[in-house]
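For reference, final-v8.csv (CSV, C-alpha atoms):
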chain,number,residue,atom,x,y,z
A,1,MET,CA,8.2,-31.1,10.7
A,2,ALA,CA,7.9,-28.9,7.6
A,3,LYS,CA,10.2,-26.0,7.3
A,4,VAL,CA,8.0,-22.9,6.8
A,5,THR,CA,9.2,-19.5,5.7
A,6,ILE,CA,7.0,-16.5,5.0
A,7,TYR,CA,8.0,-13.3,3.2
A,8,SER,CA,5.8,-10.5,4.3
A,9,THR,CA,5.4,-6.7,4.7
A,10,PRO,CA,4.0,-5.1,7.9
A,11,THR,CA,1.1,-3.5,6.0
A,12,CYS,CA,0.0,-6.7,4.2
A,13,VAL,CA,-3.2,-8.1,5.7
A,14,TYR,CA,-3.0,-11.4,3.9
A,15,CYS,CA,0.5,-11.9,5.4
A,16,LYS,CA,-1.1,-11.3,8.8
A,17,MET,CA,-3.8,-13.8,8.1
A,18,ALA,CA,-1.3,-16.4,7.1
A,19,LYS,CA,0.8,-15.9,10.2
A,20,GLU,CA,-2.3,-16.1,12.4
A,21,PHE,CA,-3.2,-19.3,10.6
A,22,PHE,CA,0.2,-20.8,11.4
A,23,ALA,CA,0.0,-19.7,15.0
A,24,LYS,CA,-3.5,-21.2,15.4
A,25,ASN,CA,-2.3,-24.5,13.9
A,26,ASN,CA,1.0,-24.6,16.0
A,27,VAL,CA,3.1,-24.4,12.9
A,28,ALA,CA,6.6,-22.9,13.5
A,29,TYR,CA,7.6,-20.4,10.8
A,30,GLU,CA,10.4,-18.0,10.0
A,31,ASP,CA,9.2,-14.5,9.0
A,32,HIS,CA,11.1,-12.2,6.8
A,33,ASN,CA,10.1,-8.6,6.5
A,34,VAL,CA,10.8,-7.8,2.9
A,35,ALA,CA,9.9,-4.2,3.3
A,36,SER,CA,13.2,-3.7,5.2
A,37,ASP,CA,15.3,-6.8,4.6
A,38,LEU,CA,16.6,-6.4,1.0
A,39,LYS,CA,18.5,-9.7,1.1
A,40,ALA,CA,15.3,-11.5,1.9
A,41,ARG,CA,13.4,-9.6,-0.8
A,42,GLU,CA,16.0,-10.8,-3.3
A,43,GLU,CA,15.6,-14.4,-2.0
A,44,MET,CA,11.8,-14.1,-2.3
A,45,VAL,CA,12.0,-12.8,-5.9
A,46,ASN,CA,14.5,-15.6,-6.9
A,47,LYS,CA,12.3,-18.3,-5.4
A,48,SER,CA,8.9,-17.0,-6.6
A,49,HIS,CA,9.6,-14.8,-9.6
A,50,GLN,CA,7.1,-12.5,-7.9
A,51,LEU,CA,7.2,-9.0,-6.6
A,52,GLY,CA,4.2,-9.3,-4.3
A,53,VAL,CA,3.5,-10.6,-0.8
A,54,PRO,CA,2.9,-13.0,0.9
A,55,VAL,CA,5.2,-15.6,-0.5
A,56,ILE,CA,5.3,-18.8,1.6
A,57,ASP,CA,7.9,-21.5,1.3
A,58,ILE,CA,6.9,-24.9,2.8
A,59,ASP,CA,9.8,-27.4,2.3
A,60,ASN,CA,10.7,-25.7,-1.0
A,61,ASN,CA,7.1,-25.6,-2.3
A,62,ILE,CA,6.4,-22.0,-3.1
A,63,ILE,CA,2.9,-20.6,-2.5
A,64,ILE,CA,2.0,-17.2,-3.7
A,65,GLY,CA,-0.6,-15.4,-1.7
A,66,PHE,CA,-2.5,-16.8,1.3
A,67,ASP,CA,-3.8,-19.9,-0.4
A,68,GLN,CA,-5.1,-21.7,2.7
A,69,ARG,CA,-6.2,-24.9,1.0
A,70,THR,CA,-2.8,-25.4,-0.6
A,71,ILE,CA,-1.1,-24.6,2.7
A,72,GLU,CA,-3.3,-27.1,4.6
A,73,GLY,CA,-2.5,-29.7,2.0
A,74,LEU,CA,1.2,-29.3,2.2
A,75,LEU,CA,1.2,-29.3,6.0
A,76,GLY,CA,-1.3,-32.2,6.2
A,77,LEU,CA,-3.7,-30.2,8.2
A,78,GLY,CA,-7.4,-30.9,8.8
A,79,LYS,CA,-9.8,-31.9,6.1
A,80,ALA,CA,-7.7,-30.4,3.3
A,81,ALA,CA,-7.4,-31.7,-0.2
A,82,ALA,CA,-4.2,-33.4,-1.4
A,83,PRO,CA,-1.1,-31.2,-1.8
A,84,ALA,CA,-1.2,-29.1,-5.0
A,85,ALA,CA,2.5,-29.3,-5.5
B,86,MET,CA,-34.6,-25.8,3.1
B,87,TYR,CA,-33.4,-22.5,4.6
B,88,ASP,CA,-35.6,-19.4,5.0
B,89,LEU,CA,-32.7,-17.2,4.0
B,90,ILE,CA,-29.3,-17.4,2.4
B,91,ILE,CA,-27.1,-14.4,2.9
B,92,ILE,CA,-24.4,-14.2,0.2
B,93,GLY,CA,-21.3,-12.3,1.3
B,94,GLY,CA,-19.4,-11.6,4.5
B,95,GLY,CA,-18.7,-7.9,4.4
B,96,PRO,CA,-20.3,-5.4,6.8
B,97,GLY,CA,-23.7,-5.8,5.1
B,98,GLY,CA,-23.7,-9.6,5.2
B,99,VAL,CA,-22.6,-9.8,8.8
B,100,ALA,CA,-25.2,-7.2,9.9
B,101,ALA,CA,-27.9,-9.2,8.1
B,102,GLY,CA,-26.6,-12.4,9.7
B,103,VAL,CA,-26.8,-10.9,13.2
B,104,TYR,CA,-30.3,-9.6,12.7
B,105,ALA,CA,-31.6,-12.8,11.0
B,106,ALA,CA,-30.2,-14.9,13.9
B,107,ARG,CA,-31.8,-12.7,16.5
B,108,LYS,CA,-35.1,-12.9,14.6
B,109,LYS,CA,-34.7,-16.7,14.5
B,110,ILE,CA,-34.9,-16.8,10.8
B,111,LYS,CA,-33.5,-20.1,9.5
B,112,THR,CA,-30.4,-18.7,7.9
B,113,ALA,CA,-27.1,-19.7,6.2
B,114,LEU,CA,-24.4,-17.1,5.4
B,115,ILE,CA,-22.0,-18.1,2.6
B,116,THR,CA,-18.8,-16.1,2.0
B,117,ASP,CA,-15.1,-16.7,1.1
B,118,GLY,CA,-14.0,-14.3,3.9
B,119,PHE,CA,-15.0,-11.6,6.2
B,120,GLY,CA,-14.6,-7.8,6.1
B,121,GLY,CA,-15.3,-7.0,2.5
B,122,GLN,CA,-13.2,-4.6,0.5
B,123,SER,CA,-12.1,-2.7,3.6
B,124,LEU,CA,-10.0,-5.7,4.7
B,125,VAL,CA,-6.9,-4.4,3.1
B,126,SER,CA,-7.4,-0.8,4.4
B,127,ASN,CA,-4.7,0.5,6.7
B,128,GLY,CA,-7.0,2.6,8.7
B,129,ILE,CA,-10.8,3.2,8.7
B,130,GLU,CA,-11.6,6.5,10.5
B,131,ASN,CA,-15.3,6.6,9.8
B,132,TRP,CA,-16.6,3.3,11.2
B,133,ILE,CA,-19.1,4.8,13.6
B,134,GLY,CA,-18.4,4.1,17.3
B,135,THR,CA,-14.7,3.5,16.6
B,136,LYS,CA,-12.2,6.3,16.2
B,137,SER,CA,-9.8,4.3,14.0
B,138,ILE,CA,-9.7,0.6,13.1
B,139,SER,CA,-7.7,-1.3,10.6
B,140,GLY,CA,-9.5,-3.3,7.9
B,141,TYR,CA,-8.1,-6.5,9.4
B,142,ASP,CA,-9.4,-5.7,12.9
B,143,LEU,CA,-12.8,-4.6,11.5
B,144,ALA,CA,-13.1,-8.0,9.7
B,145,LYS,CA,-12.2,-9.8,12.9
B,146,SER,CA,-14.7,-7.9,15.0
B,147,LEU,CA,-17.4,-8.5,12.3
B,148,GLU,CA,-16.7,-12.3,12.3
B,149,GLU,CA,-16.7,-12.5,16.0
B,150,HIS,CA,-20.0,-10.7,16.3
B,151,LEU,CA,-21.6,-13.1,13.8
B,152,ARG,CA,-20.1,-16.2,15.4
B,153,ALA,CA,-21.6,-15.1,18.7
B,154,GLN,CA,-25.1,-15.7,17.3
B,155,GLN,CA,-27.0,-18.9,17.9
B,156,GLY,CA,-28.7,-20.8,15.1
B,157,ILE,CA,-27.1,-19.4,11.9
B,158,ASP,CA,-25.0,-21.7,9.7
B,159,ILE,CA,-21.8,-20.0,8.5
B,160,VAL,CA,-19.8,-21.2,5.5
B,161,ASP,CA,-16.7,-19.1,5.3
B,162,ASP,CA,-14.6,-20.8,2.7
B,163,ASP,CA,-16.8,-21.0,-0.4
B,164,LEU,CA,-18.3,-18.7,-3.0
B,165,VAL,CA,-21.8,-18.7,-4.6
B,166,THR,CA,-21.5,-19.3,-8.3
B,167,SER,CA,-25.1,-19.6,-9.4
B,168,VAL,CA,-28.7,-19.1,-8.3
B,169,ALA,CA,-31.6,-20.7,-9.9
B,170,LYS,CA,-35.3,-20.0,-9.3
B,171,ARG,CA,-37.5,-23.0,-9.2
B,172,ASP,CA,-41.2,-23.3,-10.3
B,173,ASP,CA,-42.4,-23.1,-6.7
B,174,GLY,CA,-40.7,-19.8,-6.2
B,175,THR,CA,-37.8,-21.2,-4.0
B,176,PHE,CA,-34.2,-21.0,-5.0
B,177,LEU,CA,-31.3,-23.4,-5.5
B,178,VAL,CA,-27.9,-21.9,-4.7
B,179,THR,CA,-24.8,-23.6,-6.0
B,180,THR,CA,-21.3,-22.9,-4.7
B,181,LYS,CA,-17.8,-23.1,-6.2
B,182,LYS,CA,-17.1,-26.2,-4.2
B,183,GLY,CA,-20.2,-27.8,-5.7
B,184,LYS,CA,-22.5,-27.6,-2.8
B,185,THR,CA,-26.2,-27.0,-3.5
B,186,VAL,CA,-28.5,-25.4,-0.9
B,187,GLU,CA,-32.2,-24.7,-1.0
B,188,THR,CA,-33.7,-21.5,0.3
B,189,LYS,CA,-37.0,-19.5,0.2
B,190,TYR,CA,-35.3,-16.1,0.2
B,191,ILE,CA,-31.9,-14.6,-0.7
B,192,LEU,CA,-30.1,-11.5,0.4
B,193,LEU,CA,-27.3,-10.4,-1.9
B,194,THR,CA,-24.5,-8.7,0.0
B,195,SER,CA,-21.7,-9.8,-2.3
B,196,GLY,CA,-20.1,-6.4,-2.7
B,197,SER,CA,-17.7,-5.6,-5.5
B,198,ARG,CA,-14.3,-6.5,-6.7
B,199,ARG,CA,-11.4,-4.5,-8.2
B,200,LYS,CA,-11.7,-3.5,-11.8
B,201,ARG,CA,-8.8,-4.4,-14.1
B,202,LEU,CA,-7.4,-2.3,-16.9
B,203,GLY,CA,-7.9,-5.0,-19.5
B,204,VAL,CA,-4.8,-4.1,-21.4
B,205,PRO,CA,-2.0,-6.4,-22.8
B,206,GLY,CA,0.6,-7.3,-20.2
B,207,GLU,CA,-1.7,-6.8,-17.2
B,208,ASP,CA,-2.3,-10.5,-16.6
B,209,GLN,CA,1.2,-11.5,-17.6
B,210,PHE,CA,2.9,-9.2,-15.2
B,211,ASP,CA,0.4,-9.6,-12.3
B,212,GLY,CA,2.6,-9.9,-9.3
B,213,LYS,CA,5.6,-9.0,-11.4
B,214,GLY,CA,5.2,-5.3,-11.2
B,215,VAL,CA,1.5,-5.0,-11.7
B,216,VAL,CA,-0.1,-4.6,-8.3
B,217,PHE,CA,-3.7,-4.8,-7.1
B,218,CYS,CA,-3.1,-4.5,-3.4
B,219,THR,CA,-1.2,-1.2,-2.9
B,220,THR,CA,-1.0,-1.4,0.9
B,221,CYS,CA,0.4,-5.0,0.7
B,222,ASP,CA,3.1,-4.4,-1.9
B,223,ALA,CA,4.0,-0.7,-1.8
B,224,PRO,CA,7.0,-1.4,0.5
B,225,LEU,CA,8.6,-3.5,-2.2
B,226,PHE,CA,9.0,-0.6,-4.5
B,227,GLY,CA,11.6,1.4,-2.5
B,228,GLY,CA,13.5,3.8,-4.7
B,229,LYS,CA,11.5,2.7,-7.8
B,230,THR,CA,9.6,4.6,-10.4
B,231,VAL,CA,5.9,3.6,-10.5
B,232,ALA,CA,2.6,4.4,-12.0
B,233,VAL,CA,-0.7,4.6,-10.1
B,234,VAL,CA,-3.8,4.4,-12.4
B,235,GLY,CA,-7.0,6.1,-11.4
B,236,GLY,CA,-8.5,9.4,-10.2
B,237,GLY,CA,-10.6,8.5,-7.2
B,238,ASN,CA,-9.9,8.0,-3.5
B,239,SER,CA,-8.3,4.6,-3.8
B,240,ALA,CA,-5.8,5.9,-6.4
B,241,LEU,CA,-5.0,9.0,-4.3
B,242,GLU,CA,-4.6,6.8,-1.2
B,243,GLY,CA,-2.4,4.5,-3.3
B,244,VAL,CA,-0.2,7.5,-4.1
B,245,GLU,CA,0.0,8.4,-0.4
B,246,ASP,CA,1.0,4.8,0.5
B,247,LEU,CA,3.7,4.9,-2.1
B,248,LEU,CA,5.2,8.3,-1.2
B,249,GLN,CA,7.4,6.9,1.6
B,250,TYR,CA,8.9,4.2,-0.8
B,251,ALA,CA,8.9,5.1,-4.5
B,252,SER,CA,11.2,7.8,-5.7
B,253,LYS,CA,8.8,8.9,-8.5
B,254,ILE,CA,5.1,8.3,-8.9
B,255,TYR,CA,3.2,9.0,-12.1
B,256,LEU,CA,-0.5,9.3,-11.6
B,257,PHE,CA,-2.5,8.3,-14.7
B,258,VAL,CA,-5.8,10.1,-14.8
B,259,ARG,CA,-8.0,9.5,-17.8
B,260,SER,CA,-9.8,12.8,-17.6
B,261,GLU,CA,-8.9,16.3,-16.4
B,262,VAL,CA,-10.2,16.0,-12.9
B,263,LEU,CA,-9.5,14.1,-9.8
B,264,ARG,CA,-12.3,12.8,-7.7
B,265,GLY,CA,-11.7,11.9,-4.1
B,266,ASP,CA,-11.2,13.9,-0.9
B,267,PRO,CA,-10.0,17.5,-1.5
B,268,VAL,CA,-7.4,17.2,1.3
B,269,THR,CA,-5.7,14.2,-0.3
B,270,GLN,CA,-6.0,15.8,-3.8
B,271,GLU,CA,-4.1,18.8,-2.7
B,272,LYS,CA,-1.4,16.8,-1.1
B,273,VAL,CA,-0.9,14.6,-4.1
B,274,LYS,CA,-1.1,17.5,-6.6
B,275,SER,CA,1.6,19.5,-4.8
B,276,HIS,CA,4.0,16.7,-3.9
B,277,PRO,CA,7.4,16.9,-5.7
B,278,GLN,CA,7.6,13.1,-6.1
B,279,VAL,CA,4.3,13.0,-8.0
B,280,GLU,CA,3.6,13.8,-11.6
B,281,ILE,CA,0.1,13.7,-12.8
B,282,LEU,CA,-0.5,12.7,-16.4
B,283,TRP,CA,-3.9,14.0,-17.3
B,284,ASN,CA,-6.0,12.6,-20.1
B,285,SER,CA,-3.7,9.6,-20.1
B,286,VAL,CA,-4.7,6.0,-20.6
B,287,ILE,CA,-2.3,3.0,-20.4
B,288,GLU,CA,-2.5,0.9,-23.5
B,289,GLU,CA,0.1,-1.8,-22.8
B,290,ILE,CA,2.3,-2.9,-19.9
B,291,HIS,CA,5.6,-4.5,-21.0
B,292,GLY,CA,8.7,-6.1,-19.8
B,293,GLY,CA,12.1,-5.6,-21.4
B,294,GLU,CA,14.0,-8.3,-23.2
B,295,GLY,CA,15.0,-11.0,-20.8
B,296,SER,CA,13.1,-9.4,-18.0
B,297,GLN,CA,10.2,-11.2,-16.2
B,298,PHE,CA,9.2,-7.9,-14.5
B,299,VAL,CA,7.5,-4.7,-15.7
B,300,THR,CA,9.9,-2.3,-17.4
B,301,GLY,CA,7.5,0.2,-18.8
B,302,VAL,CA,4.1,1.1,-20.3
B,303,LYS,CA,2.8,2.5,-23.5
B,304,TYR,CA,0.2,5.1,-22.9
B,305,LYS,CA,-2.0,7.4,-25.0
B,306,ASP,CA,-2.8,11.0,-24.5
B,307,VAL,CA,-6.5,10.9,-25.3
B,308,LYS,CA,-6.6,14.6,-26.2
B,309,THR,CA,-3.9,14.5,-28.9
B,310,GLY,CA,-4.2,10.8,-29.7
B,311,GLU,CA,-0.4,10.5,-29.3
B,312,SER,CA,1.1,7.3,-27.9
B,313,LYS,CA,4.2,7.4,-25.7
B,314,ASP,CA,6.4,5.0,-23.9
B,315,LEU,CA,7.4,5.5,-20.3
B,316,PRO,CA,9.9,3.3,-18.5
B,317,LEU,CA,8.9,2.3,-15.0
B,318,ASP,CA,9.0,-0.6,-12.5
B,319,GLY,CA,5.5,-0.9,-11.2
B,320,VAL,CA,1.9,-0.3,-12.1
B,321,PHE,CA,-0.6,0.1,-9.3
B,322,VAL,CA,-4.2,-0.4,-10.6
B,323,GLU,CA,-6.8,1.6,-8.6
B,324,ILE,CA,-9.5,2.3,-11.1
B,325,GLY,CA,-12.6,1.4,-9.1
B,326,LEU,CA,-14.9,-1.5,-8.7
B,327,VAL,CA,-17.2,-4.0,-10.4
B,328,PRO,CA,-20.2,-5.3,-8.6
B,329,ASN,CA,-20.3,-9.1,-7.9
B,330,SER,CA,-23.6,-9.6,-9.5
B,331,ASP,CA,-22.7,-12.0,-12.4
B,332,PHE,CA,-24.3,-15.0,-10.8
B,333,VAL,CA,-27.7,-13.4,-10.6
B,334,LYS,CA,-27.6,-11.4,-13.9
B,335,ASP,CA,-30.4,-13.5,-15.5
B,336,LEU,CA,-32.6,-13.3,-12.4
B,337,VAL,CA,-32.6,-9.6,-11.3
B,338,GLN,CA,-32.6,-6.3,-13.0
B,339,LEU,CA,-29.1,-4.7,-13.2
B,340,ASN,CA,-28.1,-1.2,-14.1
B,341,ASP,CA,-25.5,-0.3,-16.8
B,342,ILE,CA,-22.7,-0.8,-14.4
B,343,GLY,CA,-24.0,-4.2,-13.2
B,344,HIS,CA,-25.4,-3.0,-9.9
B,345,VAL,CA,-28.5,-4.8,-8.7
B,346,VAL,CA,-31.5,-2.4,-8.9
B,347,VAL,CA,-33.4,-2.3,-5.6
B,348,ASP,CA,-36.4,-0.6,-4.1
B,349,HIS,CA,-34.6,1.7,-1.6
B,350,LYS,CA,-37.3,1.5,0.9
B,351,THR,CA,-37.2,-2.3,1.3
B,352,GLN,CA,-34.1,-3.4,-0.6
B,353,GLN,CA,-36.2,-5.8,-2.8
B,354,THR,CA,-34.9,-6.5,-6.2
B,355,SER,CA,-37.0,-7.0,-9.4
B,356,CYS,CA,-37.1,-10.8,-8.6
B,357,PRO,CA,-39.6,-11.7,-5.8
B,358,GLY,CA,-37.7,-13.5,-3.1
B,359,ILE,CA,-34.3,-11.7,-3.7
B,360,TRP,CA,-33.1,-8.7,-1.8
B,361,ALA,CA,-29.8,-6.8,-2.2
B,362,ALA,CA,-27.8,-4.4,0.0
B,363,GLY,CA,-24.4,-2.7,0.0
B,364,ASP,CA,-22.1,-2.2,-2.9
B,365,VAL,CA,-23.6,-4.9,-5.1
B,366,SER,CA,-26.9,-2.9,-5.1
B,367,ASP,CA,-27.5,0.4,-6.9
B,368,VAL,CA,-27.0,2.3,-3.6
B,369,LEU,CA,-25.8,5.9,-4.2
B,370,TYR,CA,-22.9,5.8,-1.7
B,371,ASP,CA,-20.6,2.8,-1.2
B,372,GLN,CA,-20.0,3.0,2.5
B,373,ASN,CA,-19.5,0.4,5.2
B,374,ASN,CA,-22.0,2.1,7.5
B,375,ILE,CA,-24.6,2.4,4.8
B,376,SER,CA,-24.2,-1.3,3.8
B,377,VAL,CA,-24.9,-2.2,7.4
B,378,GLY,CA,-28.1,-0.1,7.5
B,379,ASP,CA,-29.4,-1.3,4.2
B,380,ALA,CA,-28.7,-4.9,4.9
B,381,ILE,CA,-30.6,-4.6,8.2
B,382,LYS,CA,-33.5,-2.9,6.4
B,383,ALA,CA,-33.5,-5.9,4.0
B,384,THR,CA,-33.5,-8.4,6.8
B,385,LEU,CA,-36.3,-6.8,8.6
B,386,ASN,CA,-38.3,-6.7,5.4
B,387,ILE,CA,-37.6,-10.4,4.9
B,388,TYR,CA,-38.7,-11.0,8.4
B,389,ASP,CA,-42.0,-9.2,7.8
B,390,LYS,CA,-42.5,-11.3,4.7
B,391,ILE,CA,-41.9,-14.6,6.6
B,392,LYS,CA,-44.3,-13.5,9.4
B,393,LYS,CA,-47.1,-12.9,6.8
B,394,SER,CA,-46.6,-16.1,4.9

Show the structure stored in the file as structure tokens.
Amino acid sequence: MAKVTIYSTPTCVYCKMAKEFFAKNNVAYEDHNVASDLKAREEMVNKSHQLGVPVIDIDNNIIIGFDQRTIEGLLGLGKAAAPAA
Amino acid sequence: MYDLIIIGGGPGGVAAGVYAARKKIKTALITDGFGGQSLVSNGIENWIGTKSISGYDLAKSLEEHLRAQQGIDIVDDDLVTSVAKRDDGTFLVTTKKGKTVETKYILLTSGSRRKRLGVPGEDQFDGKGVVFCTTCDAPLFGGKTVAVVGGGNSALEGVEDLLQYASKIYLFVRSEVLRGDPVTQEKVKSHPQVEILWNSVIEEIHGGEGSQFVTGVKYKDVKTGESKDLPLDGVFVEIGLVPNSDFVKDLVQLNDIGHVVVDHKTQQTSCPGIWAAGDVSDVLYDQNNISVGDAIKATLNIYDKIKKS
């Protein structure tokens, strides 16, 4: 099973949509609140070179924003296209 | 062949979808998501019938209401990229994913999108200090110095969102006045963390040597013509909206800003067979509640047209 990590803030609606998407598809994920967890924020910036949420890490593939098609591809879900990474 | 294609999934599009389904108009609704621009709003306090609702919950409830209807086809992961009128007066709608759909009538409820500054560095530092979703990313700027660009409600609310995080906020206003709610204006004007730079326009966003993130901006005082540098960590762009009307610009009359000109009694555009409602139209007030009403007006007018034909 893929290791999924999401870096999010509580006020970010796209983060919420991503987490809801994972829940709906029974994908286990680790959630880091980068509004309060500074160590996780640094980790997110190092991985993505981005200062914006959500950042999603699926088996070391970094996805910026809630890019559902890419996520579906990486997780092998549904009718998705081939993985972009 | 559909009777009606509704383009967009904001409050207007969904309202039209519900009415069209209940009138048994053969309809498809095409959108890349529900909720419209309010989606990222923390709290909406003027959606009538609900004291307070988040943009996210509003989007969910709109989607749920639409999906409860029988007999409407919903495409929720695609965008309309072009509309062509054919000789027999019907339309061919093409989507980003390359789908083509035929329809007799079209309702544009495609809303608007955020305007960008159009200055050097804006694209390069997008997500690296340049922010287009203040509610999403404000918490990442704890203790930082940031700029908010704009003088309207969204800029003022952006400043409010940032107050609990950023240590210093420069508000770049291109004129000498703030628009937006007086209550918020007062709060922003008098707050010790906020400094308003009047008559100021950002000319360039830059990063320092070896830095992949924003380290400052160059801006111009439009009154004196003087350019200055200001070191900061983030630029929050809140300068208003551009209507999503590009894909019909050759078919319907647009105003200077790109809004689709409509007859406000029926919502008909200059092109027979195309109606428009909500923020994409030249409606005087961009409001969720108004978009809903106008889109319903359009749908009922389309229904009248179908009955007569």

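When all atoms listed in the file are used to measure the gap to chain A, the shortest distance among B:Lys170, B:Lys213, B:Lys109, B:Lys200 belongs to B:Lys213.
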
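Within 6 Å of chain A, chain B contributes the residues B:Val125, B:Gly212, B:Lys213, B:Thr220, B:Cys221, B:Asp222, B:Pro224, B:Leu225, using only C-alpha atoms.
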
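For the atom pair formed by atom CA of His276 of chain B and atom CA of Ile254 of chain B, the distance is 9.8 Å, given to one decimal.
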
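Atom to atom, atom CA of Ala232 of chain B and atom CA of Ser139 of chain B stand 25.5 Å apart.
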
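In this structure, atom CA of Lys136 of chain B sits 15.5 Å away from atom CA of Ser123 of chain B.
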
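Checking A:Tyr7, A:Asn26, A:Val55, A:Asp31 one by one against Leu75 of chain A, counting all atoms listed in the file, you find the shortest gap at A:Asn26.
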
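Residues lying within 9 Å of segment 324-328 of chain B, counting only C-alpha atoms and ignoring same-chain neighbours fewer than 6 positions away, are Ser195, Gly196, Ser197, Arg198, Arg199, Lys200, Arg201, Leu202, Val234, Gly235, Gly236, Gly237, Ser239, Ala240, Ile342, Gly343, His344, Val345, Asp364, Val365 and Ser366 of chain B.
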
Problem set entry | All residues 6 Å or closer to Ala362 of chain B, all atoms listed in the file, same chain fewer than 2 positions away omitted, as a VMD selection string | chain B and resid 194 366 379 to 380

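Each of B:Thr354, B:Asn340, B:Ser126, B:Asn386 was compared to Glu242 of chain B using all atoms listed in the file, and B:Ser126 turns out to be the nearest.
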
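Comparing the minimum interatomic distances between Glu72 of chain A and each of A:Asn25, A:Ile6, A:Asp57, A:Met1, counting only C-alpha atoms, we find that A:Asn25 sits nearest.
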